[in-house]
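Everything on this sheet refers to the single structure shown next.
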Amino acid sequence: MTGRLGHNGLVAAAYLQRLGVNTAVFERRHVIGGAAVTEEIIPGFKFSRASYLLSLLRPQIYTDLELKKHGLRLHLRNPYSFTPMLEEGAGSKVPRCLLLGTDMAENQKQIAQFSQKDAQVFPKYEEFMHRLALAIDPLLDAAPVDMAAFQHGSLLQRMRSLSTLKPLLKAGRILGAQLPRYYEVLTAPITKVLDQWFESEPLKATLATDAVIGAMTSPHTPGSGYVLLHHVMGGLEGMQGAWGYVQGGMGALSDAIASSATTHGASIFTEKVNGPSTPPQLLTVAKVQVNSEGCVQGVVLEDGTEVRSKMVLSNTSPQITFLKLTPQEWLPEEFLERISQLDTRSPVTKINVAVDRLPSFLAAPNAPGGQPLPHHQCSIHLNCEDTLLLHQAFEDAMDGLPSHRPVIELCIPSSLDPTLAPPGCHVVSLFTQYTPYTLAGGKAWDEQERDTYADRVFDCIEVYAPGFKDSVVGRDILTPPDLERIFGLPGGNIFHCAMSLDQLYFARPVPLHSGYRCPLQGLYLCGSGAHPGGGVMGAAGRNAAHVAFRDLKSM
């Protein structure tokens with residue numbers, strides 16, 4: 001198994017070890033989990049430094065790997081979404097806000113502030129999207145249809161590959177006669193889909209944020225509907241669509257999966273940080289070893305250590321796996337060309353902020369004692385009153401400029417988990433977009449550009465929550481190049497490559513080479529660059545482990 005080990009690699013290791021396969025895991029950093037880590041960047045403040053929310057992790061992974069037994073604790077959020085308005089012309093009136101949670105009657109009451117019609121139709125919309133999520137669900141837990149086996153395999157391989165059609169057929173049965181409408185959701189711009197349901201901009205923009213989050217797309221981009229679906233098809237503890245915080249930060253999830261793996265005998269190796277005068281011991285994988293027959297025989301670490309193995313599962317991106325770690329002569333030229341052309345553009349700059357008090361929003365002022373209120377546990381959407389704002393922010397990035405009014409998702413996990421910050425203080429996660437990887441004129445991000453952008457984000461928050469800037473104790477700014485350098489995310493893309501329809505299902509990472517196996521025998525892709533894609537889901541790791549195990553048995 002190879003390094004920058006994210007949650008998918010840990011999941012794969014845990015499953016393989018439980019199946020009786022001796023598994024060794026190598027992580028280039030001092031901490032496991034890839035983007036799902038907890039780091040104390042500012043003394044006393046523990047941040048989920050990259051990924052920060054949990055919902056998509058497959059239910060059977062909780063059960064199979066006994067994650068609760070290994071220390072996983074969750075904080076479910078209800079309500080879960082808060083969109084404050086500015087409404088500067090409201091005089092002395094408190095600006096309106098849109099607060100959404102699991103209580104449908106309360107949601108309708110909230111939406112009715114903006115549109116009675118939208119309030120009435122919202123339950124039907126939720127039911128419609130829930131059905132689509134149910135249909136997609138079986139596709140997540142199986143390898144995609146094996147087109148190569150259908151085309152070129154033996155009769156036995158073709159018969160076996162028929163079983164991969166079952167999830168597709170099941171999805172079709174669930175959708176039934178409504179299939180054309182659901183097809184439109186997956187292929188149309190999300191604005192077109194939402195315009196068919198709703199008239200009020202605050203509701204449409206709030207829902208549209210889930211269609212563009214983490215993606216270099218506008219709500220007007222065809223196919224943005226799938227990313228929306230990707231963010232509503234999860235659930236926690238039996239609650240459909242629920243999102244929550246992990247007690248102790250996202251690193252606690254990675255620790256629980258790792259504990260499950262090592263309890264059954266897996267070995268995990270991380271970078272060893274020695275004393276100040278001794279350089280750290282690096283355990284980065286330098287290359288995949290291939291024998292003269294063209295089969296994988298292990299990996300070589302950067303210090304020259306050889307680790308022999310019949311198979312290697314790579315949790316790093318397709319680009320690093322195939323263009324940097326694998327000897328090029330063993331891979332088809334066309335395959336390498338397609339990998340090099342993957343769309344990895346990312347709009348995300350993540351800013352982790354330590355504050356000495358909770359932000360007090362004009363639309364929902366703080367309690368006299370400063371204790372967390374229900375809206376503080378939500379994803380708080382700023383600059384999201386109108387889908388036009390989202391599109392304008394995107395257009396800035398297309399011109400090579402960080403958005404003038406960035407789209408901001410603000411989360412305060414310490415509102416439910418006080419272990420993350422000193423008493424009275426809080427950790428704030430700012431997931432912001434749109435920021436291009438390279439600035440206009442080919443300019444690279446430097447310290448001044450980082451600070452200028454972060455100041456702009458803070459200025460925006462200040463308008464909604466006066467006093468925010470004065471509460472800041474420290475900050476950690478991660479632009480797309482920073483996310484790439486630290487976490488190995490190509491282009492800073494949290495999904496390893498874009499979740500567009502041309503890079504999903506049997507086209508992930510590239511057509512005819514989906515389903516975890518690679519053109520090189522014994523090498524498997526088990527990270528977000530494989531089906532079903534990104535998010536803290538674990539499905540790619542679980543599915544890849546089962547495919548690799550079946551192949552190992554037939555060796």
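To be explicit about the labels: the chains of the structure tokens are called A, B, and onward in the order shown, and within each one the residues are counted from 1, while ligands get numbers from 1 in the order they are shown.
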Select from segment 210-265 of chain A every residue with an atom at most 12 Å from any atom of segment 332-356 of chain A, then for each give the shortest pair of atoms and their distance in Å to one decimal, using only C-alpha atoms, rows by chain and rising number, as CSV.
residue,atom,partner,partner_atom,distance
A:Val212,CA,A:Pro347,CA,9.4
A:Ile213,CA,A:Val348,CA,8.3
A:Gly214,CA,A:Val348,CA,6.0
A:Ala215,CA,A:Ser346,CA,5.9
A:Met216,CA,A:Pro347,CA,5.1
A:Thr217,CA,A:Pro347,CA,8.4
A:Ser218,CA,A:Pro347,CA,10.7
Deliver the residues from the most recent selection as a file, using N, CA, C and O atoms, as a short mmCIF file (atom, residue, chain, number, x, y, z; two decimals), in the first residue's frame.
data_model
loop_
_atom_site.label_atom_id
_atom_site.label_comp_id
_atom_site.auth_asym_id
_atom_site.auth_seq_id
_atom_site.Cartn_x
_atom_site.Cartn_y
_atom_site.Cartn_z
N VAL A 212 -21.94 23.05 -6.12
CA VAL A 212 -20.67 23.62 -6.59
C VAL A 212 -19.54 23.45 -5.58
O VAL A 212 -18.38 23.68 -5.92
N ILE A 213 -19.86 23.02 -4.36
CA ILE A 213 -18.82 22.98 -3.33
C ILE A 213 -17.69 22.03 -3.72
O ILE A 213 -17.91 20.89 -4.14
N GLY A 214 -16.48 22.55 -3.68
CA GLY A 214 -15.30 21.75 -4.04
C GLY A 214 -15.10 21.60 -5.53
O GLY A 214 -14.14 20.94 -5.95
N ALA A 215 -15.98 22.18 -6.34
CA ALA A 215 -15.92 21.99 -7.80
C ALA A 215 -15.71 23.32 -8.50
O ALA A 215 -16.34 24.32 -8.16
N MET A 216 -14.83 23.33 -9.50
CA MET A 216 -14.61 24.54 -10.29
C MET A 216 -15.72 24.64 -11.34
O MET A 216 -15.51 24.52 -12.54
N THR A 217 -16.94 24.79 -10.84
CA THR A 217 -18.11 24.90 -11.71
C THR A 217 -19.03 25.99 -11.17
O THR A 217 -19.00 26.32 -9.98
N SER A 218 -19.85 26.51 -12.07
CA SER A 218 -20.87 27.48 -11.71
C SER A 218 -22.20 26.74 -11.55
O SER A 218 -22.36 25.64 -12.10
#
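All residues of protein, DNA or RNA that reach within 8 Å of segment 132-135 of chain A, judged by only C-alpha atoms and not counting those fewer than 2 positions away in the chain, are Phe128, Met129, His130, Asp137, Pro138, Leu139, Lys170, Ala171, Gly172, Ile174, Leu175, Tyr182, Leu229, Val232 and Met233 of chain A.
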Between A:Gly223, A:Gly44, A:Tyr52, A:Glu462, which has the minimum distance to Ile412 of chain A (counting only C-alpha atoms)?
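Closest to Ile412 of chain A of all the choices is A:Tyr52.
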Rank nothing, just name the residue among A:Gly491, A:Pro167, A:Pro123, A:Gly241 nearest to Phe198 of chain A, using only C-alpha atoms.
A:Pro123
Could you tell me which of A:His30, A:Lys287, A:His264, A:His546 comes closest to Leu325 of chain A if we count only C-alpha atoms?
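Among A:His30, A:Lys287, A:His264, A:His546, it is A:Lys287 that comes nearest to Leu325 of chain A.
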Shortest interatomic distance to Thr209 of chain A - which of A:Gln108, A:Ser379, A:Thr305, A:Gln289, counting only C-alpha atoms
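Smallest separation from Thr209 of chain A among the options: A:Ser379.
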Out of A:Gly492, A:His7, A:Ser415, A:Asn22, which residue has the shortest atom-to-atom distance to Pro436 of chain A when counting only C-alpha atoms?
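Answer, going by the shortest atom-to-atom distance: A:Gly492.
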For each of A:His426, A:Arg28, A:Arg77, A:His376, take the minimum atom-to-atom distance to Leu54 of chain A, counting only C-alpha atoms, then give the residue where this is smallest.
A:Arg77
If you run DSSP on the backbone here, which positions in segment 132-381 of chain A get alpha helix (DSSP H)? Please write them as a count of residues only.
94
Neighbours of segment 312-322 of chain A within 7 Å (only C-alpha atoms; same-chain residues fewer than 4 positions away dropped), as a PyMOL selection string?
chain A and resi 1-6+8-9+298+326+339-340+496+522-527+529
Residues of the last selection are to be written out with N, CA, C and O atoms, as a short mmCIF file (atom, residue, chain, number, x, y, z; two decimals), in the first residue's frame.
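Output file again-v4.cif is given in full below:
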data_model
loop_
_atom_site.label_atom_id
_atom_site.label_comp_id
_atom_site.auth_asym_id
_atom_site.auth_seq_id
_atom_site.Cartn_x
_atom_site.Cartn_y
_atom_site.Cartn_z
N MET A 1 0.86 -1.18 0.00
CA MET A 1 0.00 0.00 0.00
C MET A 1 0.90 1.24 0.00
O MET A 1 1.94 1.23 0.62
N THR A 2 0.49 2.29 -0.71
CA THR A 2 1.38 3.42 -0.85
C THR A 2 0.84 4.67 -0.17
O THR A 2 -0.33 4.75 0.16
N GLY A 3 1.75 5.69 -0.05
CA GLY A 3 1.58 6.74 0.92
C GLY A 3 0.72 7.93 0.57
O GLY A 3 0.10 7.99 -0.47
N ARG A 4 0.76 8.93 1.45
CA ARG A 4 -0.25 9.97 1.64
C ARG A 4 -1.55 9.23 1.93
O ARG A 4 -2.53 9.34 1.20
N LEU A 5 -1.53 8.47 3.02
CA LEU A 5 -2.57 7.48 3.23
C LEU A 5 -3.84 8.10 3.78
O LEU A 5 -3.93 8.42 4.95
N GLY A 6 -4.85 8.24 2.93
CA GLY A 6 -6.13 8.77 3.35
C GLY A 6 -7.02 7.70 3.93
O GLY A 6 -6.63 6.53 4.07
N ASN A 8 -9.48 6.16 2.66
CA ASN A 8 -9.76 5.03 1.76
C ASN A 8 -8.68 3.94 1.87
O ASN A 8 -9.00 2.75 1.87
N GLY A 9 -7.43 4.37 1.94
CA GLY A 9 -6.34 3.40 2.07
C GLY A 9 -6.43 2.64 3.39
O GLY A 9 -6.17 1.43 3.45
N GLY A 298 6.04 -5.23 -5.42
CA GLY A 298 6.22 -4.46 -4.19
C GLY A 298 6.51 -3.00 -4.48
O GLY A 298 6.21 -2.49 -5.56
N THR A 326 4.82 4.70 -10.93
CA THR A 326 4.85 3.46 -11.71
C THR A 326 5.80 3.61 -12.90
O THR A 326 5.72 4.62 -13.61
N ILE A 339 -4.56 9.92 -18.35
CA ILE A 339 -4.33 10.27 -16.94
C ILE A 339 -3.79 11.69 -16.84
O ILE A 339 -4.20 12.49 -15.99
N SER A 340 -2.87 12.04 -17.74
CA SER A 340 -2.26 13.38 -17.69
C SER A 340 -3.26 14.47 -18.05
O SER A 340 -3.05 15.64 -17.75
N HIS A 496 -9.56 14.42 -5.88
CA HIS A 496 -8.45 13.90 -6.70
C HIS A 496 -8.59 14.27 -8.17
O HIS A 496 -7.62 14.54 -8.84
N GLY A 522 -1.55 -6.49 -10.57
CA GLY A 522 -1.17 -6.39 -9.15
C GLY A 522 -1.22 -4.99 -8.59
O GLY A 522 -1.01 -4.78 -7.40
N LEU A 523 -1.49 -3.99 -9.46
CA LEU A 523 -1.58 -2.60 -8.99
C LEU A 523 -3.04 -2.16 -9.02
O LEU A 523 -3.73 -2.33 -10.03
N TYR A 524 -3.50 -1.59 -7.92
CA TYR A 524 -4.90 -1.18 -7.78
C TYR A 524 -4.96 0.26 -7.29
O TYR A 524 -4.12 0.70 -6.50
N LEU A 525 -5.99 0.96 -7.73
CA LEU A 525 -6.25 2.31 -7.26
C LEU A 525 -7.38 2.23 -6.23
O LEU A 525 -8.43 1.64 -6.52
N CYS A 526 -7.17 2.79 -5.04
CA CYS A 526 -8.20 2.66 -4.00
C CYS A 526 -8.59 4.00 -3.38
O CYS A 526 -9.26 4.05 -2.36
N GLY A 527 -8.17 5.12 -4.00
CA GLY A 527 -8.48 6.44 -3.45
C GLY A 527 -9.63 7.12 -4.15
O GLY A 527 -10.38 6.51 -4.93
N GLY A 529 -9.74 9.01 -6.61
CA GLY A 529 -9.66 9.04 -8.07
C GLY A 529 -10.29 7.82 -8.71
O GLY A 529 -10.42 7.75 -9.93
#
Set the distance at 10 Å and use only C-alpha atoms: which residues neighbour Gln113 of chain A once local chain neighbours fewer than 6 positions away are removed? I'd like the list as a PyMOL selection string.
chain A and resi 96-98+119+200
Keeping only all heavy atoms, take the residues you just selected and write them out as a PDB file, in the first residue's frame.
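Writing the result to out.pdb gives the following:
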ATOM      1  N   ARG A  96     -33.449  38.804   7.876  1.00  0.00           N
ATOM      2  CA  ARG A  96     -33.972  37.433   7.851  1.00  0.00           C
ATOM      3  C   ARG A  96     -32.835  36.418   7.705  1.00  0.00           C
ATOM      4  O   ARG A  96     -31.710  36.768   7.337  1.00  0.00           O
ATOM      5  CB  ARG A  96     -34.956  37.273   6.690  1.00  0.00           C
ATOM      6  CG  ARG A  96     -36.263  38.008   6.861  1.00  0.00           C
ATOM      7  CD  ARG A  96     -37.137  37.871   5.631  1.00  0.00           C
ATOM      8  NE  ARG A  96     -36.535  38.468   4.445  1.00  0.00           N
ATOM      9  CZ  ARG A  96     -37.024  38.364   3.206  1.00  0.00           C
ATOM     10  NH1 ARG A  96     -38.135  37.665   2.994  1.00  0.00           N
ATOM     11  NH2 ARG A  96     -36.405  38.937   2.188  1.00  0.00           N
ATOM     12  N   CYS A  97     -33.167  35.169   7.976  1.00  0.00           N
ATOM     13  CA  CYS A  97     -32.209  34.074   7.746  1.00  0.00           C
ATOM     14  C   CYS A  97     -33.015  32.826   7.396  1.00  0.00           C
ATOM     15  O   CYS A  97     -34.217  32.754   7.657  1.00  0.00           O
ATOM     16  CB  CYS A  97     -31.333  33.825   8.978  1.00  0.00           C
ATOM     17  SG  CYS A  97     -32.266  33.372  10.457  1.00  0.00           S
ATOM     18  N   LEU A  98     -32.333  31.875   6.794  1.00  0.00           N
ATOM     19  CA  LEU A  98     -32.971  30.602   6.433  1.00  0.00           C
ATOM     20  C   LEU A  98     -32.272  29.493   7.214  1.00  0.00           C
ATOM     21  O   LEU A  98     -31.078  29.238   7.016  1.00  0.00           O
ATOM     22  CB  LEU A  98     -32.834  30.358   4.921  1.00  0.00           C
ATOM     23  CG  LEU A  98     -33.413  29.045   4.384  1.00  0.00           C
ATOM     24  CD1 LEU A  98     -34.924  28.973   4.627  1.00  0.00           C
ATOM     25  CD2 LEU A  98     -33.104  28.893   2.894  1.00  0.00           C
ATOM     26  N   ALA A 119     -42.433  26.865   0.145  1.00  0.00           N
ATOM     27  CA  ALA A 119     -42.657  26.130   1.400  1.00  0.00           C
ATOM     28  C   ALA A 119     -43.539  24.910   1.153  1.00  0.00           C
ATOM     29  O   ALA A 119     -43.305  23.827   1.702  1.00  0.00           O
ATOM     30  CB  ALA A 119     -43.289  27.042   2.442  1.00  0.00           C
ATOM     31  N   SER A 200     -37.775  31.343  -4.821  1.00  0.00           N
ATOM     32  CA  SER A 200     -37.038  32.238  -3.910  1.00  0.00           C
ATOM     33  C   SER A 200     -35.531  31.989  -4.005  1.00  0.00           C
ATOM     34  O   SER A 200     -35.065  30.852  -3.893  1.00  0.00           O
ATOM     35  CB  SER A 200     -37.518  32.069  -2.466  1.00  0.00           C
ATOM     36  OG  SER A 200     -37.275  30.765  -2.004  1.00  0.00           O
TER      37      SER A 200
END
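DSSP on the backbone gives strand (DSSP E or B) for these parts of segment 370-478 of chain A: A:Ser379, A:Ile380, A:His381, A:Leu382, A:Val407, A:Ile408, A:Glu409, A:Leu410, A:Cys411, A:His426, A:Val427, A:Val428, A:Ser429, A:Leu430, A:Phe431, A:Thr432, A:Gln433, A:Leu439, A:Lys443, A:Val472, A:Val473, A:Gly474, A:Arg475, A:Asp476, A:Ile477, A:Leu478.
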Point-to-point distance in Å for atom CA of Asp141 of chain A and atom CA of Tyr516 of chain A
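Between these atoms lies a distance of 12.7 Å.
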Would you kindly return, as a VMD selection string, each protein, DNA or RNA residue with an atom no farther than 7 Å from any atom of segment 61-69 of chain A, considering only C-alpha atoms and excluding same-chain residues fewer than 4 positions away?
chain A and resid 73 256 to 257 260
Those same residues - C-alpha atoms - I'd like them written as a CSV table (one decimal), in the first residue's frame.
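Everything below was put into result-v2.csv:
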chain,number,residue,atom,x,y,z
A,73,ARG,CA,-18.0,9.2,18.4
A,256,ALA,CA,-10.6,4.5,14.5
A,257,ILE,CA,-10.1,2.8,11.1
A,260,SER,CA,-9.5,-1.6,13.4
Selection near Pro59 of chain A, 10 Å with only C-alpha atoms, sequence-local residues under 4 positions removed, as a ChimeraX atom specification:
/A:55,63-64,234-238,537-539
Hey, what's within 10 Å of Gly441 of chain A if we count only C-alpha atoms and toss same-chain stuff fewer than 4 positions away? As a PyMOL selection string, please?
chain A and resi 399-401
Distance in Å - atom CA of Ala14 of chain A versus atom CA of Gly34 of chain A:
15.8 Å
